[in-house]
Every structure is written in structure tokens, then in C-alpha cells.
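Novice: Handing you a structure now.
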Amino acid sequence: MKVELKIFRFNPETDKKSRFDTYKVDAEPTDRVLDSLMHVYRNEDGSLAFRKSCAHGVCGSDAMRINGKERLACKTLIQDVADAEGDTILIEPLRHMTVQKDLMVDQSEFLERFKKVSPFLIPLEEAPEKGEYIQSQIQRDAIDDATKCINCGACYSACPILETNPDFLGPAALVHASRFIYDSRDKGLDTRLEILDQPNGVWACDSHFECTRVCPRGIKITKLINMTKREIKKRKGE
Amino acid sequence: MDFDYEVLIVGAGGAGLYAALEASRTGKTAVLTKVYPQRSHTGAAQGGIGAALGNVEEDKPEWHAFDTVKGGDYLVDQNAALILADDAVRAVYDLENRGLPFSRTEEGKIDQRRFGGHTRNFGEGPVRRACYAADRTGHMILQTLYQQCIKNEVAFYDEFFVLDIMMDGDTPTGLIVFELATGKVRTFRAKVILFATGGFGRMFKITSNAYSNTGDGPAILARNGIPLMDMEFFQIHPTGIRDMGILITEGVRGEGGILYNSQGEAFMKRYAPTMLDLAPRDMISRAIMTEIFEGRGIKGNRKIDDYVYLDASHLGRKKVEEKIPDIAEFCRTYLDVDPADAPMPVQPTAHYAMGGIPTNIDGQVWTGEKQYMGLYAAGECACVSVHGANRLGTNSLVDLVVFGRRAGQHIAEYVKDAPTGQADSDKAAWWEDRIEKLKSSRGNHPGEIFDSMQETMMGKVGVYRTGSEMEKAVKSLQDLRLAYENVSVHAKAENFNAEVQTVLELGNLLDLALHTAASALNREESRGAHSRDDFPERNDEDWLKHSLSTLKENKVTFRYRAVDVHKWEPKPRVY
Ligand SMILES: Cc1cc2nc3c(=O)[nH]c(=O)nc-3n(C[C@H](O)[C@H](O)[C@H](O)COP(=O)(O)OP(=O)(O)OC[C@H]3O[C@@H](n4cnc5c(N)ncnc54)[C@H](O)[C@@H]3O)c2cc1C
Ligand code: SF4
Ligand code: FES
């Protein structure tokens with residue numbers, strides 16, 4: 001089928017204003033949106049800037065807004081976003097991050113916030129002399145959802161809180177915090193409390209569920225944030 | 001020089017990150033990566049990492065080493081295989097202790113599952129050796145190592161595309177790098193350089209590999225006179241999603257998944273009566289292609305684009321969701337097939353580079369004749385060699401952590417009194433000029449060359465190979481390399497000019513494709529993944545040796561290196 005890609009264009013080094021360029025492409029309904037972007041890049045306009053790598057939804061490179069919703073271009077099929085011949089697919093960069101060029105956004109601040117929650121194991125006890133820490137299947141299940149995060153930034157872009165409070169840590173960082181808080185091998189909340197128990201930490205979240213709705217890995221982000229809130233209250237004896 | 005370090009690691013996948021963790025203990029270390037570290041392809045690895053922990057049934061490192069040697073059709077260096085299997089146990093525990101969330105057994109230990117070619121007691125039957133974290137083992141390894149690097153404050157240069165190496169004679173002195181954000185050519189000084197740039201599956205049309213897997217490391221070193229080893233051995237994984245190549249992990253068969261042809265026959269019993277669907281990858285890929293060529297593919301058209309079924313539906317929904325959740329999701333997303341209900345259409349997909357930069361067991365570049373001081377390689381771009389003619393599933397992740405770590409440790413010692421050489425600064429100017437010319441000339445678009453290379457490799461240097469077809473492949477690749485000289489980029493911008501990078505990556509792929517095709521044509525026998533119609537037998541007398549290829553003036557020439565077979569004598573390989 002034929003579809004139109006209406007793509008956000010902006011190069012801060014040369015453009016005063018952003019614009020949309022439209023490309024007509026031939027695509028199978030089962031093609032990925034990424035395939036169409038690659039087609040444009042390879043055959044029509046090599047200046048179009050976007051990130052990609054794995055092409056099957058596991059590296060987090062190509063998060064962008066497609067028809068107004070945060071998605072991975074490689075995990076979105078044409079048929080998911082276009083119904084009829086000639087339909088237009090609107091493609092824009094993620095929000096809350098500065099546009100570097102076209103669909104590429106500056107992820108450094110986003111990644112800095114993720115680093116703030118100490119996203120690594122802080123062991124509860126010294127590692128066994130030889131062998132593994134013992135962790136039951138149930139304990140392992142407690143962190144399963146959070147370990148799926150690929151840091152794509154979709155949730156960060158979709159978060160309505162960041163619109164009015166740009167200093168909010170953001171959903172992805174909180175997912176990583178919970179990844180460790182609930183790991184039976186980790187000291188959990190103690191070292192992370194200082195950053196999480198802040199107006200711009202967990203308490204800024206108002207449970208809008210937008211992050212949960214867009215996460216391409218299906219992580220129940222809002223639920224994890226709420227669990228962390230409860231854990232903090234418990235710790236403080238509230 | 002723009003940047004000054006002691007150690008430079010090129011690549012932030014499992015191999016690079018592990019090496020960086022170790023090297024940074026004593027040397028001032030930076031990691032350069034062309035994609036953000038967390039986007040490295042190690043994150044796509046699914047099924048597991050092999051280690052003889054013996055958590056669910058008896059197992060021994062020696063069995064693991066033997067399986068590795070036999071799986072590689074005896075082209076594996078046996079000392080390296082023994083180290084791989086021994087260190088694997090420790091490496092897996094180390095990763096767990098650093099936070100990796102493995103799937104667990106009832107008793108809370110690391111769980112293990114079956115994988116192709118993993119056997120107990122030297123081939124008696126399958127053994128559970130693959131440690132796993134659902135079907136995102138690589139994701140967890142990458143995350144865990146990256147987290148450790150954050151903890152240890154390793155310096156990263158993200159989206160820095162390495163163009164070339166600077167040398168003083170045979171000693172590395174630094175790197176020349178294209179900074180994507182600014183389009184500037186940068187120079188980095190160092191005494192030690194390690195390449196961990198991953199695979200190069202993008203030279204094939206159907207591949208499980210990321211867009212970024214373009215073999216830059218081996219291509220750069222080859223252009224600087226270092227021969228590449230065993231380039232003819234490229235693994236074609238039997239089960240990629242039809243037409244797309246997205247990998248369906250061998251773990252699916254490890255959990256009990258079965259391959260079927262159009263007649264509903266579980267055909268592996270005819271090819272590997274003992275190991276069945278858990279035979280090594282080369283054998284299964286050949287079995288599938290034989291079924292297809294004999295008209296028993298699902299379409300029945302006897303063509304290379306036909307496919308077979310991989311069925312996991314009998315495992316039940318609970319097991320599918322628990323053990324292979326990501327695979328289930330891929331199938332639902334891309335095929336509208338739910339593997340808990342219906343079989344998955346699969347076909348072989350280009351997957352893993354078994355050849356690459358020749359190294360010794362400490363990651364030092366070593367051709368067998370010459371050892372380079374200060375120059376290292378690890379991970380998929382390197383060739384130790386532990387994979388020989390066919391890599392066993394889960395051994396790549398083992399390779400990364402074992403040899404990435406060993407290389408890092410060796411560097412940590414070496415760097416203490418490593419010499420500083422004279423950097424060759426003319427080279428940087430040459431690259432600036434080259435990029436300028438790419439932008440200012442009016443040449444062809446690279447798209448056609450790309451497609452043509454990928455089709456040539458898939459069709460002529462794939463699962464089954466013949467001399468006459470490979471001759472044609474070599475000829476076309478030589479022509480493509482000539483045509484490539486007239487390619488230009490259309491985008492003129494300085495900042496984020498990905499087209500410049502894409503064109504240079506294509507150049508690297510073309511070089512490696514020619515190394516691969518010429519090496520395959522040169523090796524007149526069948527061994528592991530290298531299977532020739534015109535030389536159907538393994539020939540130990542003439543070919544029990546590693547090939548070292550050098551590409552100069554569009555021609556490839558060969559030298560050889562002996563294989564270490566000190567422990568197990570080569571035997572016919574049956575499963
Ligand atoms: C889909 C899939 C599933 C797999 N499953 C398994 C499995 O279950 N078990 C197993 O053992 N193996 C598996 N493998 C194989 C294994 O994942 C890879 O071989 C391994 O991850 C490679 O790691 P690496 O560290 O060598 O390189 P990569 O992880 O590929 O990283 C390469 C790094 O080099 C950088 N780089 C490359 N070129 C340049 C340049 N010019 N300049 C700067 N940086 C550069 C990249 O940015 C990246 O950071 C799988 C592979 C695939 C594709
Ligand atoms: S939580 Fe989901 S949406 Fe947010 S960064 Fe992780 S994977 Fe992306
Ligand atoms: S390209 Fe990796 S997630 Fe889309």
C-alpha cells in the first residue's frame with residue numbers, strides 16, 4: 001500500500017523553525033515503520049536523522065512519537081498506524097528532550113537522571129566465597145518487570161508531569177530504582193532514599209498512567225512507582 | 001591530540017565493558033562507542049550463557065570444553081576451549097554477584113536449560129548447561145556490566161565512530177574518530193587499544209544482526225596490515241523469523257520446541273538421531289535447507305526463501321510466557337502468531353562471525369608469527385579461537401565475559417610500563433580529506449551496492465557453497481569495491497551526518513565480505529558451517545589449520561596457523 005510519512009524536520013544549526021516534510025512510500029502493511037524510514041533515508045533523503053540499531057524492539061534506539069504516541073519505530077507495523085491507502089503517518093521526536101536533529105533527541109539529561117538512583121547492586125551481604133547468592137523464584141519474580149527496561153525514553157516523553165515540572169526524575173529512573181529496591185540481594189531503599197523521597201522524586205508522580213500506556217516493554221511503571229511510594233512510607237513509619 | 005588516555009576500548013558491548021572494568025583499575029581508560037552503550041548488540045542475545053555449574057544435573061567444565069571442540073569441528077584451539085569452560089563457571093558467578101538477575105531453580109540457585117550441542121559425558125546425551133535470565137540473557141549481561149561501569153565511573157564517549165588506528169611500527173599510539181554530533185575528526189592518544197566492535201552479519205541479506213554490526217574493528221586492522229583469521233566460517237543460525245531474520249533463540253528447542261516440515265514430519269530424526277533438534281547449528285541449518293530444496297518446505301517451492309515450522313505450542317501457555325516471553329512477543333508483533341497456539345515460521349538467518357582478529361588467550365593480537373604489543377581484541381570481532389568452524393549456542397556470551405575480562409586484566413598489568421610511541425598525525429588529515437571528498441563529490445548512491453553485496457553473500461556464500469558460485473561472488477565483490485570508490489553522500493551537514501558513517505561502514509563490510517568469500521573459496525573441504533558441494537568431506541590432512549587472509553589491491557592472499565589439538569584427537573562428528 002501507499003502511505004505518506006509526515007516527518008518532523010529541524011536542524012538547530014541551520015534552521016530557524018522546524019517543519020514537516022512529507023514522503024510518499026510504498027509499504028507492506030506488515031512492514032515496520034522503521035523499514036519505511038530506512039527506505040526514505042537510503043533512497044530519498046540521506047540527511048534525515050534518526051537512531052536505530054537492533055530493529056526488533058530490544059535496544060531502545062528508535063523511540064519516537066508516531067501518530068502522537070510514543071513508540072519504537074521497529075516495533076510498530078504500518079498496519080498499526082495506517083488503515084487505508086494514502087493514509088498519513090505523523091512522525092515526531094520524543095518530548096522533554098532537546099532536539100539534536102530531526103528525530104534525534106539529546107538523551108544525556110535523561111540518562112543522568114537514571115544514574116542518580118544508583119542503578120547498580122549495592123549488596124546486602126558480602127558475596128559468597130564461591131557460587132551465587134541464593135534467591136527464591138518468588139524473590140526473583142518481584143524484580144522481573146523492572147528488569148525489562150531498555151531505557152528507550154518513551155515513558156519520559158509521555159509523562160505529563162515533566163511538562164510542568166521539568167525537574168521530576170521521571171518514570172524510567174524510578175523503574176530502575178525499583179529494580180534494585182526489590183532485589184532481595186540489595187540494600188534496597190537506604191542509599192536511594194535521599195533522592196527518591198523528594199518533591200521531585202517519587203512524590204512528583206500523580207499516577208497519570210501515561211508511561212504505563214506507552215512502555216514498549218509492557219512494564220507496569222505506575223504500579224512500580226506506587227509500590228516504591230508505599231515502601232518509603234513504611235520505612236518512615238507513616 | 002584532542003584526548004589523552006592510557007587505554008582505549010572500542011566498543012561497549014559485553015566484551016568491551018568487561019575489559020574496561022578491569023583495565024580501568026590501573027590505566028586511565030575510555031570507552032568509545034558508535035551507539036550508546038545500552039544499545040550495543042549484546043543486549044539482543046537471548047537464550048543463555050553456558051557454564052558447567054551443575055546446578056540441575058551433573059556437569060563438568062571438561063565436558064563443556066569437549067563439546068566446544070567437537071561443535072567447532074576440531075578447528076578450535078583446545079587450550080583456549082579449556083580456559084573458556086573453566087573460566088565460564090567463575091564468570092557466571094561473578095556476574096550474578098554483581099547483580100545479574102538469573103532465572104532460578106526451586107532451591108534458589110541459577111537455573112540451567114538445554115542448548116544445542118551441550119552434552120554430558122562426551123556426547124552421551126543432552127545436558128542442562130545454559131544459565132539464563134528468561135530469554136533476555138544478553139540484555140541482563142549488558143545492563144549489569146554497564147551498571148558496574150557507572151558505579152566505577154568509567155569514561156564513555158558515546159556516538160564516537162572510530163575510523164582508524166594510529167601506529168608507530170607495530171605499536172598502537174591512538175585512534176582517529178568521527179564525532180557524530182559535530183562531524184569533526186578527533187584524535188585520541190593511548191598506549192593500549194582494545195577492539196570489541198562486535199559482529200558483521202550486515203553483509204548478509206537475512207540476518208539477526210543489528211544495523212550497527214558492520215565489522216569496523218576487523219576491517220580497520222586488516223587495512224593496517226593485520227591478517228584476519230578463519231573468515232570463511234560464518235554461522236547461519238537455523239531459526240530466524242521468516243523474511244525478517246529476527247532470531248528465535250535455540251532456547252526454544254532447549255525447552256522442547258520441535259522443527260516440522262510441510263508433511264508434519266519432525267525431520268531432525270533423519271539428520272541427528274541422538275541429539276535431534278538439539279544438534280549443533282550448522283547441522284540444523286543444513287537439514288532445513290535440504291528439506292526446503294527437496295520440496296518439503298512449507299511453501300514447497302524449493303527456493304531459498306522457503307521456510308519450515310518451529311513448534312512450541314505443546315509446551316503450554318504457562319511455560320511459553322515464563323521461559324520465552326520475548327520470543328512470544330516478537331511472534332505476536334511481527335507475525336501475528338502466538339507461539340502458545342501455533343507454530344512459528346522460521347528460516348536460517350546469518351548470525352555470528354566465527355572468524356576475525358586473531359588473538360592469544362589474553363586478547364593480544366597474535367597471528368601465530370607475530371605478536372602485537374598493546375593491541376588487543378575481544379568478543380565477536382576477535383578469534384581466539386574457541387568457536388572453530390561452528391560456534392555452540394551460549395558460547396559467545398561466555399567468550400565475551402571470559403576473554404573480555406582476561407584481556408582487561410592483561411591490559412591492567414601491561415599498561416603500567418607500556419611504552420609511548422610517536423603518533424602518526426598525517427592520518428587524521430587524510431581522513432578529514434576523505435570525508436570532505438565524500439561530501440563534495442557527485443557520485444552514486446550506496447544503496448544498490450549495499451543490496452547487491454547482501455544478496456551475493458546470502459545466495460553464494462551461505463549454508464551450502466560451491467566453488468563456481470563462490471568464484472562469482474568474489475568477482476562481484478571485487479567489482480562492488482571498485483564501484484564503491486565512486487560513491488558519495490548527499491547530506492552535507494556537519495552535525496549528525498549519519499550518511500557519512502553509513503557509507504564508511506559499507507566500505508568496511510565490503511572488505512570483510514571479500515575476505516569471507518575468498519577464504520571460503522580457498523578452503524577446499526567441508527567443516528562445520530563451511531559446507532561445500534564440490535568438497536563434501538572434512539580433510540584434516542590438508543586443512544586442519546586456521547587461515548589468515550590479507551586483502552591488498554582487491555585481492556586476497558593466505559597464510560596459515562596451526563590448530564592446537566593437544567588433548568582430543570579429531571574424530572568424525574556425529575550427533
Ligand atoms: C539476536 C541474537 C541473539 C543472540 N543470542 C545469544 C545467546 O543466547 N547466547 C550467546 O552466547 N550468544 C548469543 N548471541 C551472540 C552474542 O550476543 C554476540 O556475539 C555478542 O553479544 C557480541 O558482543 P560484543 O561485545 O563482541 O559486541 P557488541 O555487543 O555487538 O558491541 C559492539 C560495540 O562496538 C561498538 N562499535 C562497533 N564499531 C565501532 C566503531 N567503528 N567505533 C566505535 N564503536 C564501535 C558498538 O557501538 C558497540 O558498543 C546472539 C546474537 C544475536 C544477534
Ligand atoms: S520503562 Fe519502558 S518506556 Fe520507560 S525507558 Fe524503560 S522500556 Fe522505555
Ligand atoms: S532499533 Fe532497537 S529498539 Fe528499535
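Identifiers for the C-alpha cells are assigned positionally: chains receive A, B, ... in sequence, residues are indexed from 1 per chain, and ligands are indexed from 1 in the order shown.
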List as a VMD selection string the protein and nucleic acid residues lying within 7 Å of ligand 1, with only C-alpha atoms and all ligand atoms counted.
Specialist: chain B and resid 10 to 16 32 to 37 40 to 49 137 to 138 160 to 163 196 to 199 208 to 210 212 to 217 246 to 247 249 351 to 352 378 to 381 393 to 398 400
Novice: Check every protein, DNA and RNA residue against ligand 3, keep those with an atom at most 8 Å away (counting only C-alpha atoms and all ligand atoms), and present them as a CSV table (one decimal) with N, CA, C and O atoms, in the first residue's frame.
Specialist:
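Result file is pocket-v8.csv:
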```csv
chain,number,residue,atom,x,y,z
A,34,LEU,N,10.0,1.5,10.9
A,34,LEU,CA,11.5,1.7,10.7
A,34,LEU,C,11.9,1.4,9.3
A,34,LEU,O,12.8,2.0,8.7
A,51,ARG,N,17.8,7.5,15.1
A,51,ARG,CA,18.6,6.4,15.6
A,51,ARG,C,18.0,5.1,15.3
A,51,ARG,O,16.7,5.0,15.4
A,52,LYS,N,18.8,4.1,15.2
A,52,LYS,CA,18.3,2.7,15.1
A,52,LYS,C,19.4,1.8,15.3
A,52,LYS,O,20.6,2.1,15.1
A,53,SER,N,19.1,0.6,15.8
A,53,SER,CA,20.1,-0.4,15.8
A,53,SER,C,19.6,-1.8,15.6
A,53,SER,O,19.7,-2.4,14.6
A,54,CYS,N,18.9,-2.4,16.7
A,54,CYS,CA,18.6,-3.8,16.6
A,54,CYS,C,17.5,-4.2,15.7
A,54,CYS,O,17.4,-5.3,15.2
A,55,ALA,N,16.6,-3.2,15.4
A,55,ALA,CA,15.4,-3.4,14.5
A,55,ALA,C,14.4,-4.4,15.0
A,55,ALA,O,13.5,-4.9,14.3
A,56,HIS,N,14.4,-4.8,16.3
A,56,HIS,CA,13.3,-5.6,16.8
A,56,HIS,C,13.0,-5.4,18.2
A,56,HIS,O,12.6,-6.3,19.0
A,57,GLY,N,13.1,-4.1,18.6
A,57,GLY,CA,12.5,-3.8,19.9
A,57,GLY,C,13.3,-4.1,21.2
A,57,GLY,O,12.7,-4.2,22.2
A,58,VAL,N,14.6,-4.3,21.1
A,58,VAL,CA,15.3,-4.7,22.3
A,58,VAL,C,16.4,-3.7,22.7
A,58,VAL,O,17.1,-3.9,23.7
A,59,CYS,N,16.7,-2.7,21.8
A,59,CYS,CA,17.9,-1.9,22.1
A,59,CYS,C,17.5,-0.5,22.6
A,59,CYS,O,18.3,0.3,23.2
A,60,GLY,N,16.2,-0.1,22.3
A,60,GLY,CA,15.7,1.2,22.7
A,60,GLY,C,16.2,2.4,21.9
A,60,GLY,O,16.0,3.6,22.4
A,61,SER,N,16.8,2.2,20.7
A,61,SER,CA,17.3,3.4,20.0
A,61,SER,C,16.3,4.2,19.3
A,61,SER,O,16.4,5.4,19.3
A,62,ASP,N,15.2,3.6,18.8
A,62,ASP,CA,14.4,4.4,17.9
A,62,ASP,C,13.0,4.7,18.5
A,62,ASP,O,12.0,4.7,17.8
A,63,ALA,N,13.0,5.1,19.8
A,63,ALA,CA,11.7,5.6,20.3
A,63,ALA,C,11.4,6.9,19.7
A,63,ALA,O,12.3,7.8,19.5
A,72,LEU,N,8.3,2.5,19.5
A,72,LEU,CA,9.5,2.2,18.9
A,72,LEU,C,9.2,2.0,17.4
A,72,LEU,O,8.3,1.2,17.0
A,73,ALA,N,9.9,2.6,16.5
A,73,ALA,CA,9.6,2.5,15.1
A,73,ALA,C,9.8,1.1,14.5
A,73,ALA,O,9.1,0.7,13.6
A,74,CYS,N,10.6,0.3,15.2
A,74,CYS,CA,10.9,-1.0,14.7
A,74,CYS,C,9.9,-2.0,15.3
A,74,CYS,O,9.8,-3.2,14.9
A,75,LYS,N,9.1,-1.6,16.2
A,75,LYS,CA,8.1,-2.5,16.8
A,75,LYS,C,6.7,-2.1,16.4
A,75,LYS,O,5.7,-2.6,16.9
A,152,CYS,N,14.5,3.4,26.7
A,152,CYS,CA,14.2,4.0,25.4
A,152,CYS,C,13.7,5.4,25.6
A,152,CYS,O,13.8,6.2,24.6
B,39,ARG,N,22.7,0.4,23.9
B,39,ARG,CA,22.1,-0.1,22.6
B,39,ARG,C,23.0,-1.1,21.9
B,39,ARG,O,22.8,-1.5,20.8
B,210,ALA,N,22.1,-6.4,14.2
B,210,ALA,CA,21.7,-5.0,14.3
B,210,ALA,C,22.3,-4.3,13.1
B,210,ALA,O,23.3,-4.7,12.5
```
Novice: Counting only C-alpha atoms, figure out which residue out of A:Asn165, A:Thr222, A:Gln139, A:Asn67 gets nearest to chain B.
Specialist: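 Smallest distance to chain B is found for A:Gln139.
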Novice: Among stretch 22-109 of chain A, which residues does DSSP mark as strand (DSSP E or B) when it is run on the backbone? Keep the chain and numbering as in the structure and answer as a ChimeraX atom specification.
Specialist: /A:22-26,32,63-66,69-72,77,88-92,99-101,104-105
Novice: Out of B:Leu142, B:Met344, B:Met268, B:Val463, which residue has the shortest atom-to-atom distance to B:Ile298 when counting only C-alpha atoms?
Specialist: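 Going through B:Leu142, B:Met344, B:Met268, B:Val463 one by one, the smallest distance to B:Ile298 is for B:Met344.
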